[in-house]
file query08.cif (mmCIF, C-alpha atoms)
data_structure
loop_
_atom_site.label_atom_id
_atom_site.label_comp_id
_atom_site.auth_asym_id
_atom_site.auth_seq_id
_atom_site.Cartn_x
_atom_site.Cartn_y
_atom_site.Cartn_z
CA MET S 1271 -57.21 -72.33 -40.75
CA ASN S 1272 -60.97 -72.61 -40.33
CA VAL S 1273 -62.98 -72.02 -37.15
CA SER S 1274 -63.34 -75.70 -36.26
CA ASP S 1275 -59.55 -76.13 -36.48
CA ILE S 1276 -59.09 -73.14 -34.17
CA VAL S 1277 -61.66 -74.45 -31.67
CA GLU S 1278 -59.95 -77.85 -31.71
CA LYS S 1279 -56.58 -76.23 -31.12
CA ILE S 1280 -57.99 -74.17 -28.22
CA ALA S 1281 -59.54 -77.30 -26.68
CA GLN S 1282 -56.15 -79.05 -26.77
CA MET S 1283 -54.31 -76.18 -25.11
CA PRO S 1284 -52.97 -76.87 -21.63
CA GLU S 1285 -54.91 -75.10 -18.88
CA ARG S 1286 -53.33 -71.76 -18.02
CA ARG S 1287 -52.44 -70.73 -14.51
CA THR S 1288 -55.06 -68.47 -12.96
CA ASP S 1289 -52.72 -66.71 -10.56
CA VAL S 1290 -50.32 -65.09 -13.05
CA PRO S 1291 -51.28 -62.46 -15.65
CA THR S 1292 -50.56 -63.68 -19.17
CA ARG S 1293 -51.27 -62.50 -22.70
CA PRO S 1294 -54.22 -64.13 -24.47
CA PRO S 1295 -53.01 -67.03 -26.63
CA LEU S 1296 -52.88 -66.36 -30.37
CA GLU S 1297 -55.39 -69.17 -30.93
CA VAL S 1298 -57.94 -67.45 -28.70
CA VAL S 1299 -57.35 -64.05 -30.32
CA ALA S 1300 -57.79 -65.60 -33.78
CA PHE S 1301 -61.02 -67.29 -32.71
CA VAL S 1302 -62.48 -64.16 -31.10
CA VAL S 1303 -61.59 -61.95 -34.07
CA ARG S 1304 -63.10 -64.37 -36.60
CA TRP S 1305 -66.16 -65.07 -34.47
CA SER S 1306 -66.80 -61.38 -33.76
CA ARG S 1307 -66.38 -60.56 -37.44
CA ASN S 1308 -68.79 -63.33 -38.44
CA LEU S 1309 -71.35 -62.22 -35.84
CA LYS S 1310 -71.35 -58.83 -37.53
CA ASN S 1311 -71.56 -60.59 -40.91
CA TRP S 1312 -68.47 -58.68 -42.04
CA LYS S 1313 -66.06 -59.72 -44.72
CA VAL S 1314 -62.35 -59.53 -43.96
CA SER S 1315 -62.22 -56.37 -46.07
CA THR S 1316 -65.01 -54.75 -44.02
CA LEU S 1317 -63.14 -55.34 -40.77
CA ALA S 1318 -59.94 -54.08 -42.37
CA ASP S 1319 -61.73 -50.89 -43.45
CA PHE S 1320 -63.27 -50.25 -40.03
CA ALA S 1321 -59.99 -51.04 -38.27
CA ARG S 1322 -57.96 -49.03 -40.80
CA VAL S 1323 -55.55 -51.92 -41.34
CA SER S 1324 -54.78 -53.97 -44.42
CA ILE S 1325 -56.73 -57.05 -45.39
CA SER S 1326 -53.57 -59.12 -44.98
CA THR S 1327 -53.27 -57.87 -41.38
CA VAL S 1328 -56.73 -59.21 -40.54
CA GLU S 1329 -55.94 -62.46 -42.33
CA ARG S 1330 -52.69 -62.84 -40.36
CA VAL S 1331 -54.50 -62.30 -37.06
CA GLU S 1332 -57.07 -64.93 -38.03
CA ARG S 1333 -54.21 -67.33 -38.93
CA GLU S 1334 -52.79 -66.92 -35.42
CA GLU S 1335 -49.72 -65.00 -36.52
CA ARG S 1336 -48.01 -62.47 -34.26
CA MET S 1337 -49.12 -58.92 -34.83
CA SER S 1338 -48.21 -55.48 -33.54
CA GLU S 1339 -50.13 -54.25 -30.51
CA GLU S 1340 -51.26 -51.21 -32.52
CA ALA S 1341 -52.86 -53.41 -35.20
CA LEU S 1342 -54.48 -55.61 -32.56
CA ASP S 1343 -55.86 -52.50 -30.83
CA ARG S 1344 -57.32 -51.16 -34.07
CA ILE S 1345 -59.03 -54.48 -34.75
CA ALA S 1346 -60.29 -54.73 -31.18
CA VAL S 1347 -61.81 -51.23 -31.26
CA ALA S 1348 -63.40 -51.89 -34.67
CA LEU S 1349 -65.07 -54.98 -33.22
CA GLY S 1350 -66.28 -53.11 -30.12
CA TYR S 1351 -63.62 -54.18 -27.62
CA GLU S 1352 -61.27 -51.99 -25.62
CA LYS S 1353 -57.65 -51.37 -26.57
CA GLY S 1354 -55.50 -54.12 -25.11
CA ALA S 1355 -58.26 -56.73 -25.33
CA TYR S 1356 -56.13 -58.93 -27.60
CA HIS S 1357 -52.69 -58.43 -26.09
CA ALA S 1358 -52.74 -57.02 -22.55
CA PRO S 1359 -51.68 -59.53 -19.89
CA ARG S 1360 -54.51 -60.59 -17.60
CA ILE S 1361 -55.39 -63.34 -15.19
CA PRO S 1362 -57.25 -66.06 -17.13
CA LEU S 1363 -60.86 -66.67 -16.11
CA GLY S 1364 -60.72 -70.45 -16.16
CA PRO S 1365 -63.04 -72.64 -18.22
CA GLU S 1366 -66.18 -72.29 -16.08
CA LYS S 1367 -66.02 -68.49 -15.73
CA ALA S 1368 -65.08 -68.10 -19.40
CA PHE S 1369 -68.16 -70.11 -20.40
CA GLU S 1370 -70.40 -68.04 -18.08
CA SER S 1371 -69.00 -64.83 -19.57
CA LEU S 1372 -69.56 -66.15 -23.09
CA VAL S 1373 -73.18 -67.03 -22.35
CA GLU S 1374 -73.76 -63.68 -20.64
CA THR S 1375 -72.33 -61.77 -23.59
CA TYR S 1376 -73.72 -63.76 -26.51
CA GLY S 1377 -76.47 -65.96 -25.06
CA HIS S 1378 -79.24 -63.56 -26.11
CA LEU S 1379 -78.31 -63.46 -29.79
CA GLU S 1380 -80.65 -64.85 -32.40
CA GLU S 1381 -79.94 -65.44 -36.06
CA VAL S 1382 -81.85 -63.03 -38.25
CA ALA S 1383 -82.19 -63.45 -42.00
CA VAL S 1384 -81.18 -60.33 -43.89
CA SER S 1385 -81.75 -59.85 -47.59
CA PRO S 1386 -79.02 -58.22 -49.65
CA MET S 1387 -79.91 -54.98 -51.40
CA LYS S 1388 -80.18 -56.06 -55.03
CA THR S 1389 -82.93 -53.77 -56.27
CA HIS S 1390 -83.63 -50.06 -56.45
CA ARG S 1391 -86.57 -50.60 -54.12
CA ALA S 1392 -84.30 -52.10 -51.46
CA ILE S 1393 -81.97 -49.11 -51.72
CA ARG S 1394 -84.94 -46.72 -51.47
CA GLU S 1395 -86.13 -48.53 -48.34
CA ALA S 1396 -82.63 -48.28 -46.83
CA ALA S 1397 -82.51 -44.60 -47.77
CA LYS S 1398 -85.61 -44.02 -45.64
CA CYS S 1399 -83.69 -45.13 -42.54
CA ASP S 1400 -80.92 -42.54 -42.61
CA GLY S 1401 -82.68 -40.57 -39.86
CA ILE S 1402 -82.20 -43.55 -37.55
CA LEU S 1403 -78.46 -43.37 -38.11
CA LEU S 1404 -78.37 -39.96 -36.46
CA HIS S 1405 -79.50 -41.39 -33.10
CA ARG S 1406 -77.01 -44.09 -32.12
CA PRO S 1407 -76.33 -44.03 -28.37
CA ASP S 1408 -74.48 -47.37 -28.23
CA VAL S 1409 -72.18 -46.83 -31.23
CA PRO S 1410 -68.62 -45.69 -30.38
CA GLN S 1411 -67.49 -42.31 -31.70
CA THR S 1412 -64.90 -44.19 -33.76
CA TYR S 1413 -67.62 -44.78 -36.36
CA ASP S 1414 -68.96 -41.20 -36.57
CA ASP S 1415 -67.21 -40.46 -39.88
CA ASP S 1416 -68.29 -43.78 -41.39
CA ILE S 1417 -71.90 -43.27 -40.31
CA ALA S 1418 -71.89 -39.70 -41.64
CA ASN S 1419 -70.57 -41.01 -44.97
CA LEU S 1420 -73.26 -43.71 -45.04
CA ALA S 1421 -76.01 -41.18 -44.27
CA GLU S 1422 -74.67 -38.93 -47.04
CA TYR S 1423 -74.58 -41.88 -49.47
CA LEU S 1424 -78.14 -42.89 -48.57
CA ASP S 1425 -79.29 -39.30 -49.04
CA LEU S 1426 -77.59 -39.15 -52.44
CA ALA S 1427 -78.97 -42.56 -53.41
CA SER S 1428 -82.51 -41.53 -52.52
CA PHE S 1429 -82.10 -38.29 -54.49
CA VAL S 1430 -80.71 -40.06 -57.56
CA LEU S 1431 -83.35 -42.77 -57.38
CA ALA S 1432 -86.11 -40.17 -57.00
CA GLU S 1433 -84.87 -38.47 -60.16
CA TRP S 1434 -84.69 -41.81 -61.94
CA ILE S 1435 -88.19 -42.82 -60.81
CA GLU S 1436 -89.68 -39.48 -61.86
CA SER S 1437 -88.03 -39.65 -65.28
CA SER S 1438 -89.24 -43.22 -65.85
CA PHE S 1439 -92.85 -42.12 -65.20
CA ASP S 1440 -92.51 -39.15 -67.57
CA ASP S 1441 -91.77 -41.45 -70.52
#
call {"tool": "encode", "arguments": {"input": "query08.cif", "output": "structure tokens"}}
result
Amino acid sequence: MNVSDIVEKIAQMPERRTDVPTRPPLEVVAFVVRWSRNLKNWKVSTLADFARVSISTVERVEREERMSEEALDRIAVALGYEKGAYHAPRIPLGPEKAFESLVETYGHLEEVAVSPMKTHRAIREAAKCDGILLHRPDVPQTYDDDIANLAEYLDLASFVLAEWIESSFDD
């Protein structure tokens, strides 16, 4: 199911009562997971890696299939939400407040073109930024191991590339 199908399905849902706590509908969870993943420009496999779940688990969530609370919590945390964000009963906001919250959360975002790293030069440039990875006040501790691994990879890449560059000039 694609995003437009999910949005259409959400639009056709009957309005939920705002006086009784209920679980978020599967359609809404699927939309938020896919949208959040796309905002981060992550593939399904990237989200699965960060959430430490299988690719098929992410795909099932995005297809609006029932999922264990543990899997939903892992996906929520990987996307920057709190545990329970996708399954804990809560009082619905209502359309107007939901829209206000959406604009408040995402209204400041701008699309930025990013070039893929296809050359040694691009990797060298990325390797120069590993010092920035050490200072990350807004990144949850959940990602500490992944960031440490990335910094180590960038350090290794810059070392290997430096050796390669030096040897190519010696010839």
call {"tool": "closest_residue", "arguments": {"input": "query08.cif", "among": "S:Ala1348, S:Asp1425, S:Glu1278, S:Val1302", "to": "S:Asp1319", "atoms": "only C-alpha atoms"}}
result
S:Ala1348
call {"tool": "residues_around", "arguments": {"input": "query08.cif", "residues": "stretch 1331-1341 of chain S", "least_positions_apart": "5", "cutoff": "12 Å", "atoms": "all atoms listed in the file", "output": "ChimeraX atom specification"}}
result
/S:1271-1273,1275-1276,1279-1280,1293-1308,1314,1317-1318,1320-1326,1346-1348,1353-1359
call {"tool": "write_last_selection", "arguments": {"input": "query08.cif", "atoms": "C-alpha atoms", "output": "PDB file, in the frame of the given file"}}
result
ATOM      1  CA  MET S1271     -57.210 -72.330 -40.750  1.00  0.00           C
ATOM      2  CA  ASN S1272     -60.970 -72.610 -40.330  1.00  0.00           C
ATOM      3  CA  VAL S1273     -62.980 -72.020 -37.150  1.00  0.00           C
ATOM      4  CA  ASP S1275     -59.550 -76.130 -36.480  1.00  0.00           C
ATOM      5  CA  ILE S1276     -59.090 -73.140 -34.170  1.00  0.00           C
ATOM      6  CA  LYS S1279     -56.580 -76.230 -31.120  1.00  0.00           C
ATOM      7  CA  ILE S1280     -57.990 -74.170 -28.220  1.00  0.00           C
ATOM      8  CA  ARG S1293     -51.270 -62.500 -22.700  1.00  0.00           C
ATOM      9  CA  PRO S1294     -54.220 -64.130 -24.470  1.00  0.00           C
ATOM     10  CA  PRO S1295     -53.010 -67.030 -26.630  1.00  0.00           C
ATOM     11  CA  LEU S1296     -52.880 -66.360 -30.370  1.00  0.00           C
ATOM     12  CA  GLU S1297     -55.390 -69.170 -30.930  1.00  0.00           C
ATOM     13  CA  VAL S1298     -57.940 -67.450 -28.700  1.00  0.00           C
ATOM     14  CA  VAL S1299     -57.350 -64.050 -30.320  1.00  0.00           C
ATOM     15  CA  ALA S1300     -57.790 -65.600 -33.780  1.00  0.00           C
ATOM     16  CA  PHE S1301     -61.020 -67.290 -32.710  1.00  0.00           C
ATOM     17  CA  VAL S1302     -62.480 -64.160 -31.100  1.00  0.00           C
ATOM     18  CA  VAL S1303     -61.590 -61.950 -34.070  1.00  0.00           C
ATOM     19  CA  ARG S1304     -63.100 -64.370 -36.600  1.00  0.00           C
ATOM     20  CA  TRP S1305     -66.160 -65.070 -34.470  1.00  0.00           C
ATOM     21  CA  SER S1306     -66.800 -61.380 -33.760  1.00  0.00           C
ATOM     22  CA  ARG S1307     -66.380 -60.560 -37.440  1.00  0.00           C
ATOM     23  CA  ASN S1308     -68.790 -63.330 -38.440  1.00  0.00           C
ATOM     24  CA  VAL S1314     -62.350 -59.530 -43.960  1.00  0.00           C
ATOM     25  CA  LEU S1317     -63.140 -55.340 -40.770  1.00  0.00           C
ATOM     26  CA  ALA S1318     -59.940 -54.080 -42.370  1.00  0.00           C
ATOM     27  CA  PHE S1320     -63.270 -50.250 -40.030  1.00  0.00           C
ATOM     28  CA  ALA S1321     -59.990 -51.040 -38.270  1.00  0.00           C
ATOM     29  CA  ARG S1322     -57.960 -49.030 -40.800  1.00  0.00           C
ATOM     30  CA  VAL S1323     -55.550 -51.920 -41.340  1.00  0.00           C
ATOM     31  CA  SER S1324     -54.780 -53.970 -44.420  1.00  0.00           C
ATOM     32  CA  ILE S1325     -56.730 -57.050 -45.390  1.00  0.00           C
ATOM     33  CA  SER S1326     -53.570 -59.120 -44.980  1.00  0.00           C
ATOM     34  CA  ALA S1346     -60.290 -54.730 -31.180  1.00  0.00           C
ATOM     35  CA  VAL S1347     -61.810 -51.230 -31.260  1.00  0.00           C
ATOM     36  CA  ALA S1348     -63.400 -51.890 -34.670  1.00  0.00           C
ATOM     37  CA  LYS S1353     -57.650 -51.370 -26.570  1.00  0.00           C
ATOM     38  CA  GLY S1354     -55.500 -54.120 -25.110  1.00  0.00           C
ATOM     39  CA  ALA S1355     -58.260 -56.730 -25.330  1.00  0.00           C
ATOM     40  CA  TYR S1356     -56.130 -58.930 -27.600  1.00  0.00           C
ATOM     41  CA  HIS S1357     -52.690 -58.430 -26.090  1.00  0.00           C
ATOM     42  CA  ALA S1358     -52.740 -57.020 -22.550  1.00  0.00           C
ATOM     43  CA  PRO S1359     -51.680 -59.530 -19.890  1.00  0.00           C
TER      44      PRO S1359
END
call {"tool": "closest_residue", "arguments": {"input": "query08.cif", "among": "S:Arg1344, S:Lys1313, S:Lys1367, S:Arg1330", "to": "S:Thr1288", "atoms": "only C-alpha atoms"}}
result
S:Lys1367
call {"tool": "atom_distance", "arguments": {"input": "query08.cif", "atom1": "atom CA of S:Gln1411", "atom2": "atom CA of S:Val1328"}}
result
21.9 Å
call {"tool": "resolve_selection", "arguments": {"input": "query08.cif", "expression": "the PyMOL selection byres ((chain S and resi 1416) around 12)", "output": "compact mmCIF listing (two decimals) with C-alpha atoms, keeping the file's coordinate frame"}}
result
# COMPACT_ATOMS: atom_id res chain seq x y z
CA THR S 1316 -65.01 -54.75 -44.02
CA ASP S 1319 -61.73 -50.89 -43.45
CA PHE S 1320 -63.27 -50.25 -40.03
CA ALA S 1321 -59.99 -51.04 -38.27
CA ARG S 1322 -57.96 -49.03 -40.80
CA ALA S 1348 -63.40 -51.89 -34.67
CA LEU S 1403 -78.46 -43.37 -38.11
CA LEU S 1404 -78.37 -39.96 -36.46
CA VAL S 1409 -72.18 -46.83 -31.23
CA PRO S 1410 -68.62 -45.69 -30.38
CA GLN S 1411 -67.49 -42.31 -31.70
CA THR S 1412 -64.90 -44.19 -33.76
CA TYR S 1413 -67.62 -44.78 -36.36
CA ASP S 1414 -68.96 -41.20 -36.57
CA ASP S 1415 -67.21 -40.46 -39.88
CA ILE S 1417 -71.90 -43.27 -40.31
CA ALA S 1418 -71.89 -39.70 -41.64
CA ASN S 1419 -70.57 -41.01 -44.97
CA LEU S 1420 -73.26 -43.71 -45.04
CA ALA S 1421 -76.01 -41.18 -44.27
CA GLU S 1422 -74.67 -38.93 -47.04
CA TYR S 1423 -74.58 -41.88 -49.47
call {"tool": "resolve_selection", "arguments": {"input": "query08.cif", "expression": "the PyMOL selection byres ((chain S and resi 1365) around 12)", "output": "list in words"}}
result
Ile1280, Ala1281, Met1283, Pro1284, Glu1285, Arg1286, Arg1287, Thr1288, Pro1362, Leu1363, Gly1364, Glu1366, Lys1367, Ala1368, Phe1369, Glu1370, Ser1371 and Leu1372 of chain S
call {"tool": "atom_distance", "arguments": {"input": "query08.cif", "atom1": "atom CA of S:Leu1379", "atom2": "atom CA of S:Lys1310"}}
result
11.4 Å
call {"tool": "atom_distance", "arguments": {"input": "query08.cif", "atom1": "atom CA of S:Val1430", "atom2": "atom CA of S:Ala1392"}}
result
14.0 Å
